[in-house]
>>> print(open('entry.tsv').read())   # TSV, C-alpha atoms
chain	number	residue	atom	x	y	z
A	1	MET	CA	9.90	-29.45	-16.29
A	2	ALA	CA	8.80	-25.89	-15.64
A	3	SER	CA	6.01	-24.51	-17.79
A	4	SER	CA	5.08	-20.92	-18.66
A	5	TYR	CA	1.54	-19.61	-18.91
A	6	LEU	CA	-0.61	-16.46	-18.83
A	7	ILE	CA	-3.55	-15.97	-16.52
A	8	LYS	CA	-6.87	-15.72	-18.34
A	9	GLY	CA	-9.36	-12.93	-17.80
A	10	SER	CA	-9.27	-9.43	-19.29
A	11	ALA	CA	-8.88	-7.43	-16.06
A	12	ILE	CA	-6.10	-9.58	-14.68
A	13	SER	CA	-4.40	-9.99	-18.05
A	14	LYS	CA	-4.22	-6.21	-18.55
A	15	ALA	CA	-2.88	-5.76	-15.03
A	16	LEU	CA	-0.14	-8.30	-15.62
A	17	LEU	CA	0.83	-7.00	-19.04
A	18	LEU	CA	1.12	-3.44	-17.77
A	19	THR	CA	3.85	-4.50	-15.34
A	20	SER	CA	6.02	-5.34	-18.30
A	21	VAL	CA	6.24	-9.12	-18.50
A	22	LEU	CA	4.72	-11.13	-15.70
A	23	ALA	CA	5.97	-14.51	-16.87
A	24	PHE	CA	5.12	-17.51	-14.76
A	25	SER	CA	7.28	-20.59	-14.43
A	26	SER	CA	5.58	-23.28	-12.38
A	27	ALA	CA	7.23	-26.30	-10.89
A	28	SER	CA	6.26	-29.12	-8.60
A	29	GLY	CA	7.29	-29.94	-5.05
A	30	ASN	CA	9.05	-27.19	-3.13
A	31	GLN	CA	10.02	-25.24	-6.22
A	32	PRO	CA	8.48	-21.76	-6.46
A	33	THR	CA	6.36	-20.17	-9.12
A	34	THR	CA	8.33	-17.15	-10.29
A	35	ILE	CA	6.71	-13.86	-11.29
A	36	MET	CA	8.81	-11.19	-12.99
A	37	ALA	CA	7.31	-7.76	-12.32
A	38	SER	CA	8.82	-4.38	-13.23
A	39	GLY	CA	12.40	-5.33	-12.50
A	40	GLY	CA	11.73	-7.52	-9.46
A	41	ARG	CA	11.53	-11.28	-9.08
A	42	ILE	CA	8.83	-12.78	-6.88
A	43	ASP	CA	9.25	-16.42	-5.92
A	44	VAL	CA	5.92	-17.76	-4.67
A	45	PHE	CA	5.76	-20.89	-2.53
A	46	VAL	CA	2.38	-22.43	-1.73
A	47	SER	CA	1.78	-25.10	0.90
A	48	ASN	CA	0.71	-28.44	-0.56
A	49	GLN	CA	-2.64	-28.55	1.23
A	50	THR	CA	-5.74	-28.47	-0.91
A	51	VAL	CA	-7.63	-25.18	-1.17
A	52	ALA	CA	-10.73	-24.07	-3.04
A	53	LEU	CA	-8.53	-21.73	-5.05
A	54	THR	CA	-6.58	-22.76	-8.12
A	55	HIS	CA	-2.89	-22.10	-8.55
A	56	GLU	CA	-3.79	-19.51	-11.18
A	57	ASP	CA	-6.09	-17.73	-8.70
A	58	LEU	CA	-3.23	-17.39	-6.24
A	59	MET	CA	-0.71	-16.25	-8.84
A	60	ALA	CA	-3.18	-13.71	-10.24
A	61	TRP	CA	-3.65	-12.30	-6.73
A	62	VAL	CA	0.10	-11.95	-6.18
A	63	GLY	CA	0.59	-10.55	-9.70
A	64	ALA	CA	-2.17	-7.96	-9.30
A	65	ALA	CA	-0.65	-6.78	-6.01
A	66	ALA	CA	2.78	-6.52	-7.62
A	67	LYS	CA	1.29	-4.50	-10.46
A	68	SER	CA	-0.44	-2.08	-8.06
A	69	VAL	CA	2.70	-1.48	-6.01
A	70	SER	CA	4.83	-1.11	-9.14
A	71	THR	CA	2.37	1.43	-10.54
A	72	TYR	CA	2.53	3.59	-7.42
A	73	TYR	CA	6.31	3.44	-6.98
A	74	GLY	CA	7.28	3.32	-10.65
A	75	ARG	CA	8.90	-0.10	-10.20
A	76	PHE	CA	8.79	-3.10	-7.93
A	77	PRO	CA	10.44	-2.10	-4.63
A	78	VAL	CA	13.05	-4.87	-4.33
A	79	ASP	CA	15.04	-7.00	-6.73
A	80	HIS	CA	13.84	-10.25	-5.17
A	81	VAL	CA	11.25	-11.31	-2.62
A	82	GLU	CA	9.96	-14.68	-1.46
A	83	VAL	CA	6.21	-14.99	-0.89
A	84	ARG	CA	5.15	-17.98	1.20
A	85	ILE	CA	1.42	-18.70	1.18
A	86	ILE	CA	0.23	-20.99	3.95
A	87	THR	CA	-3.21	-22.57	3.92
A	88	THR	CA	-5.18	-22.78	7.16
A	89	GLU	CA	-8.63	-23.70	8.37
A	90	GLY	CA	-11.51	-21.34	7.63
A	91	ARG	CA	-12.01	-18.53	5.19
A	92	GLY	CA	-10.27	-15.29	4.28
A	93	VAL	CA	-6.77	-13.85	4.12
A	94	ARG	CA	-5.01	-13.14	7.40
A	95	ASN	CA	-1.73	-13.01	9.28
A	96	GLY	CA	0.36	-11.27	6.64
A	97	ARG	CA	3.89	-10.33	7.74
A	98	THR	CA	6.82	-8.89	5.83
A	99	PHE	CA	10.49	-9.29	6.75
A	100	GLY	CA	13.58	-7.60	5.35
A	101	SER	CA	16.33	-9.80	6.77
A	102	PRO	CA	18.17	-11.91	5.78
A	103	VAL	CA	16.24	-11.58	2.48
A	104	PRO	CA	12.86	-9.93	1.79
A	105	LEU	CA	10.08	-12.34	2.70
A	106	ILE	CA	6.30	-12.13	2.86
A	107	ARG	CA	4.41	-14.79	4.80
A	108	ILE	CA	0.65	-14.88	4.52
A	109	SER	CA	-2.15	-17.27	5.48
A	110	ILE	CA	-5.28	-18.07	3.46
A	111	GLY	CA	-8.25	-20.07	4.70
A	112	ARG	CA	-8.97	-23.16	2.63
A	113	ASP	CA	-12.57	-22.08	2.03
A	114	THR	CA	-11.67	-18.67	0.55
A	115	THR	CA	-13.38	-18.07	-2.78
A	116	PRO	CA	-11.75	-16.57	-5.90
A	117	ALA	CA	-14.02	-13.51	-5.61
A	118	GLU	CA	-12.96	-12.92	-2.00
A	119	LEU	CA	-9.31	-13.27	-2.93
A	120	LYS	CA	-9.63	-10.82	-5.83
A	121	ASP	CA	-11.14	-8.19	-3.50
A	122	ASP	CA	-8.57	-8.72	-0.74
A	123	TRP	CA	-6.06	-5.97	0.08
A	124	THR	CA	-3.59	-7.86	2.26
A	125	MET	CA	-0.97	-8.85	-0.32
A	126	THR	CA	-0.77	-5.29	-1.64
A	127	HIS	CA	-0.41	-3.97	1.93
A	128	GLU	CA	2.48	-6.35	2.60
A	129	MET	CA	4.23	-5.49	-0.68
A	130	VAL	CA	4.08	-1.77	0.17
A	131	HIS	CA	6.17	-2.61	3.25
A	132	LEU	CA	9.00	-3.60	0.89
A	133	ALA	CA	9.32	0.01	-0.29
A	134	PHE	CA	10.36	1.72	2.95
A	135	PRO	CA	13.43	1.25	5.16
A	136	SER	CA	13.19	-0.43	8.54
A	137	VAL	CA	13.09	2.12	11.36
A	138	SER	CA	13.21	1.80	15.15
A	139	GLU	CA	10.27	0.24	16.96
A	140	LYS	CA	8.88	3.51	18.30
A	141	HIS	CA	8.40	4.66	14.70
A	142	HIS	CA	6.46	1.53	13.70
A	143	TRP	CA	3.51	3.81	12.92
A	144	ILE	CA	5.22	5.17	9.80
A	145	GLU	CA	5.75	1.68	8.36
A	146	GLU	CA	2.16	0.58	9.01
A	147	GLY	CA	0.75	4.01	8.19
A	148	ILE	CA	2.34	4.08	4.74
A	149	ALA	CA	1.14	0.54	3.99
A	150	THR	CA	-2.38	1.39	5.19
A	151	TYR	CA	-2.61	4.65	3.23
A	152	VAL	CA	-0.83	3.64	0.02
A	153	GLU	CA	-2.44	0.20	-0.47
A	154	PRO	CA	-5.90	1.36	-1.64
A	155	ILE	CA	-4.47	4.26	-3.67
A	156	ALA	CA	-2.11	1.89	-5.47
A	157	ARG	CA	-5.01	-0.42	-6.28
A	158	VAL	CA	-7.08	2.47	-7.64
A	159	GLN	CA	-4.15	3.67	-9.77
A	160	SER	CA	-3.74	0.18	-11.23
A	161	GLY	CA	-7.44	-0.16	-11.98
A	162	THR	CA	-8.28	-2.90	-9.47
A	163	LEU	CA	-10.26	-0.76	-6.98
A	164	ASP	CA	-12.99	1.81	-7.56
A	165	PRO	CA	-12.14	5.36	-6.37
A	166	GLY	CA	-15.53	5.71	-4.70
A	167	LYS	CA	-14.94	2.55	-2.69
A	168	MET	CA	-11.47	3.76	-1.71
A	169	TRP	CA	-12.62	7.21	-0.52
A	170	GLY	CA	-15.63	5.74	1.26
A	171	ASP	CA	-13.38	3.41	3.23
A	172	VAL	CA	-10.95	6.23	4.05
A	173	ILE	CA	-13.76	8.45	5.36
A	174	ARG	CA	-15.04	5.56	7.47
A	175	ASP	CA	-11.71	4.39	8.86
A	176	LEU	CA	-9.33	7.36	9.09
A	177	PRO	CA	-10.96	8.81	12.25
A	178	GLN	CA	-9.53	5.77	14.10
A	179	GLY	CA	-6.15	7.50	13.80
A	180	LEU	CA	-7.20	10.65	15.66
A	181	PRO	CA	-5.79	10.99	19.19
A	182	GLY	CA	-8.11	9.86	21.95
A	183	PRO	CA	-8.21	10.87	25.61
A	184	GLY	CA	-4.75	10.48	27.14
A	185	ASP	CA	-3.04	9.88	23.80
A	186	ARG	CA	0.21	11.61	23.01
A	187	GLY	CA	2.18	11.71	19.77
A	188	LEU	CA	2.64	8.88	17.30
A	189	ASP	CA	6.05	8.00	18.75
A	190	VAL	CA	4.50	7.55	22.18
A	191	SER	CA	0.93	6.21	21.84
A	192	HIS	CA	1.27	2.75	20.30
A	193	THR	CA	-2.33	1.55	20.18
A	194	TRP	CA	-3.61	-0.27	17.11
A	195	GLY	CA	-5.59	2.74	15.91
A	196	ARG	CA	-2.77	5.21	16.38
A	197	THR	CA	-0.23	2.87	14.77
A	198	TYR	CA	-2.13	1.93	11.62
A	199	TRP	CA	-4.61	4.77	11.14
A	200	GLY	CA	-2.61	7.42	12.98
A	201	GLY	CA	0.24	6.65	10.60
A	202	ALA	CA	-2.19	6.75	7.68
A	203	LEU	CA	-3.46	10.13	8.93
A	204	PHE	CA	0.12	11.43	8.87
A	205	CYS	CA	0.44	10.23	5.26
A	206	PHE	CA	-2.91	11.72	4.24
A	207	LEU	CA	-2.07	15.12	5.68
A	208	ALA	CA	1.41	15.01	4.14
A	209	ASP	CA	-0.03	14.13	0.74
A	210	LEU	CA	-2.42	17.07	0.80
A	211	GLU	CA	0.16	19.55	2.08
A	212	ILE	CA	2.82	18.52	-0.44
A	213	ARG	CA	0.31	18.92	-3.26
A	214	GLN	CA	-0.82	22.31	-1.99
A	215	LYS	CA	2.73	23.61	-1.60
A	216	THR	CA	3.82	22.37	-5.03
A	217	HIS	CA	0.62	23.41	-6.84
A	218	ASN	CA	-0.32	19.75	-7.28
A	219	GLN	CA	2.90	18.98	-9.16
A	220	THR	CA	4.09	16.42	-6.60
A	221	GLY	CA	2.58	14.39	-3.79
A	222	LEU	CA	3.45	11.81	-1.16
A	223	GLU	CA	4.16	9.21	-3.83
A	224	ASP	CA	7.01	11.40	-5.13
A	225	ALA	CA	8.49	11.59	-1.63
A	226	LEU	CA	8.21	7.81	-1.20
A	227	ARG	CA	9.67	7.20	-4.66
A	228	GLY	CA	12.57	9.44	-3.69
A	229	ILE	CA	13.22	7.40	-0.55
A	230	LEU	CA	13.13	4.17	-2.56
A	231	ALA	CA	15.42	5.61	-5.25
A	232	ALA	CA	17.96	6.48	-2.53
A	233	GLY	CA	18.09	2.83	-1.50
A	234	GLY	CA	15.53	3.03	1.28
A	235	ASN	CA	13.77	-0.32	1.05
A	236	ILE	CA	12.94	-2.89	3.71
A	237	THR	CA	16.42	-4.45	3.61
A	238	GLN	CA	17.95	-1.24	4.98
A	239	ASP	CA	17.92	0.17	8.52
A	240	TRP	CA	17.51	3.95	8.49
A	241	PRO	CA	16.80	6.54	11.16
A	242	LEU	CA	13.35	7.96	10.55
A	243	GLU	CA	14.82	11.45	10.30
A	244	ARG	CA	16.91	10.38	7.31
A	245	ALA	CA	13.89	8.93	5.50
A	246	LEU	CA	11.84	12.08	6.06
A	247	ARG	CA	14.69	14.31	4.91
A	248	VAL	CA	15.23	12.29	1.73
A	249	GLY	CA	11.50	12.32	1.02
A	250	ASP	CA	11.34	16.08	1.47
A	251	GLU	CA	14.30	16.54	-0.86
A	252	ALA	CA	12.39	14.66	-3.55
A	253	THR	CA	9.47	17.12	-3.36
A	254	ARG	CA	11.59	20.19	-2.56
A	255	THR	CA	9.54	20.85	0.56
A	256	THR	CA	9.93	20.27	4.29
A	257	VAL	CA	6.44	18.86	4.76
A	258	LEU	CA	7.40	15.46	6.17
A	259	GLN	CA	9.90	16.84	8.66
A	260	ASP	CA	7.58	19.67	9.75
A	261	LEU	CA	4.59	17.36	10.16
A	262	TYR	CA	6.65	14.92	12.21
A	263	GLN	CA	7.59	17.77	14.56
A	264	LYS	CA	3.87	18.35	15.11
A	265	MET	CA	2.72	14.74	15.41
A	266	GLY	CA	5.69	12.76	16.75
A	267	GLU	CA	5.55	13.66	20.44
A	268	ALA	CA	2.27	15.53	20.87
A	269	PRO	CA	-1.32	14.78	19.79
A	270	MET	CA	-2.66	16.82	16.90
A	271	MET	CA	-6.38	17.09	16.23
A	272	VAL	CA	-7.58	17.34	12.65
A	273	ASP	CA	-10.98	18.46	11.38
A	274	LEU	CA	-11.54	15.58	8.98
A	275	ASN	CA	-15.07	16.65	8.12
A	276	ARG	CA	-13.65	19.90	6.77
A	277	LYS	CA	-11.04	17.94	4.81
A	278	TRP	CA	-13.73	15.84	3.11
A	279	GLN	CA	-15.71	18.98	2.31
A	280	ASP	CA	-12.66	20.71	0.80
A	281	LEU	CA	-11.81	17.60	-1.23
A	282	GLY	CA	-15.37	17.33	-2.49
A	283	VAL	CA	-16.10	13.82	-1.28
A	284	ARG	CA	-19.11	12.74	0.74
A	285	ARG	CA	-20.11	9.37	2.17
A	286	SER	CA	-23.78	8.81	2.96
A	287	GLN	CA	-25.05	6.76	5.88
A	288	ASN	CA	-25.57	3.76	3.62
A	289	GLY	CA	-21.98	3.98	2.37
A	290	ASP	CA	-22.62	5.58	-1.04
A	291	VAL	CA	-19.95	8.09	-2.11
A	292	SER	CA	-20.46	11.20	-4.22
A	293	PHE	CA	-17.95	13.73	-5.52
A	294	SER	CA	-18.15	17.49	-6.00
A	295	GLU	CA	-15.92	18.79	-8.76
A	296	ASP	CA	-16.42	22.39	-7.56
A	297	ALA	CA	-14.76	21.76	-4.20
A	298	PRO	CA	-11.58	23.80	-3.56
A	299	LEU	CA	-9.32	20.72	-3.37
A	300	ALA	CA	-11.11	18.53	-5.91
A	301	ALA	CA	-8.08	18.62	-8.22
A	302	LEU	CA	-5.89	17.26	-5.41
A	303	ARG	CA	-8.36	14.47	-4.72
A	304	LYS	CA	-8.32	13.38	-8.36
A	305	ALA	CA	-4.53	13.61	-8.61
A	306	ILE	CA	-4.03	11.32	-5.61
A	307	THR	CA	-5.70	8.37	-7.34
A	308	MET	CA	-4.92	9.17	-10.98
A	309	ALA	CA	-2.82	6.59	-12.80
A	310	PRO	CA	0.63	8.01	-13.65
A	311	SER	CA	0.09	7.22	-17.34
A	312	LEU	CA	-2.90	9.61	-17.42
A	313	ARG	CA	-1.14	12.65	-15.93
>>> encode(input="entry.tsv", output="structure tokens")
Amino acid sequence: MASSYLIKGSAISKALLLTSVLAFSSASGNQPTTIMASGGRIDVFVSNQTVALTHEDLMAWVGAAAKSVSTYYGRFPVDHVEVRIITTEGRGVRNGRTFGSPVPLIRISIGRDTTPAELKDDWTMTHEMVHLAFPSVSEKHHWIEEGIATYVEPIARVQSGTLDPGKMWGDVIRDLPQGLPGPGDRGLDVSHTWGRTYWGGALFCFLADLEIRQKTHNQTGLEDALRGILAAGGNITQDWPLERALRVGDEATRTTVLQDLYQKMGEAPMMVDLNRKWQDLGVRRSQNGDVSFSEDAPLAALRKAITMAPSLR
């Protein structure tokens, strides 16, 4: 017989409650544990091999990711998704993949020696769930799918209260330069290296977020464009031309930022002075990784708006 329970722990309990009702029904054998989150059903299957993590640890991890994604998008991106967690040798979370056909599916591997603390700090499940919220596009545009997931994941976790803003901005300052064009690189549609796909796509999202906020006097941002795409039916189960997704996103913010930026970055390399961006945003990362903020910086209000929880705006 299935049983229902709540995960203990104040941080996780608040995260689950804020996504409406995250009710768990656990069953034995091949039956899933079902999580209801902001209008979506998540059926979680876990391989029967023994791991150092409890079933509650795993469900809390999935539930926290669902809460973060639902916070950023205003709801869970799809009506139903299967999550299949496979245990492997070693330690850590790896090999996450998300599929949209025939039904939304996330497959992810976890090492048997992974600790609860490591799982709580992991970003992979949130990254994969962000993939659910954008339509499938042609292979040459793979950078937009991975770029959105790379950029949105930490912001969503900050908005939901599971990641510190200083940690998020410190990681962005450290990692975003990997998306800049190198010698011989062309536009994002052409140069398909790891850095240009993941961090080049994230760079596109970062620049779009700032420009949308500047053009709309900080009234809207990239999340409004992405929410607009999702509201128009653009989730992972749908195949869209990239141009349609960008147009729908621009319509949601009443700008042409996404389409204009794609014209600049799609075929040709575009250099960006990131050091100037950090200065304008009022964020600094020291050599030892410590992050400090300047509230007098010209774009400090934009920086705070990017990570502010919707309920606080």
>>> atom_distance(input="entry.tsv", atom1="atom CA of A:Val152", atom2="atom CA of A:His131")
9.9 Å
>>> residues_near_point(input="entry.tsv", point="(7.6, -5.2, -11.8)", cutoff="6 Å", atoms="all atoms listed in the file", output="ChimeraX atom specification")
/A:19,37-40,70,75-76
>>> residues_around(input="entry.tsv", residues="A:Asp239", least_positions_apart="3", cutoff="12 Å", atoms="only C-alpha atoms", output="list in words")
Gly100, Ser101, Phe134, Pro135, Ser136, Val137, Ser138, Glu139, Gly233, Gly234, Asn235, Ile236, Leu242, Glu243, Arg244 and Ala245 of chain A
>>> residues_around(input="entry.tsv", residues="stretch 255-266 of chain A", least_positions_apart="6", cutoff="6 Å", atoms="all atoms listed in the file", output="PyMOL selection string")
chain A and resi 187-189+246
>>> atom_distance(input="entry.tsv", atom1="atom CA of A:Thr71", atom2="atom CA of A:Arg285")
27.0 Å
>>> atom_distance(input="entry.tsv", atom1="atom CA of A:Leu105", atom2="atom CA of A:Thr124")
14.4 Å
>>> closest_residue(input="entry.tsv", among="A:Met125, A:Met168, A:Ala225, A:Val272", to="A:Gly63", atoms="all atoms listed in the file")
A:Met125
>>> closest_residue(input="entry.tsv", among="A:Pro310, A:Pro32, A:Gly201, A:Pro298", to="A:Lys277", atoms="all atoms listed in the file")
A:Pro298
>>> closest_residue(input="entry.tsv", among="A:Pro269, A:Gly182, A:Gly228, A:Pro165", to="A:Pro77", atoms="only C-alpha atoms")
A:Gly228
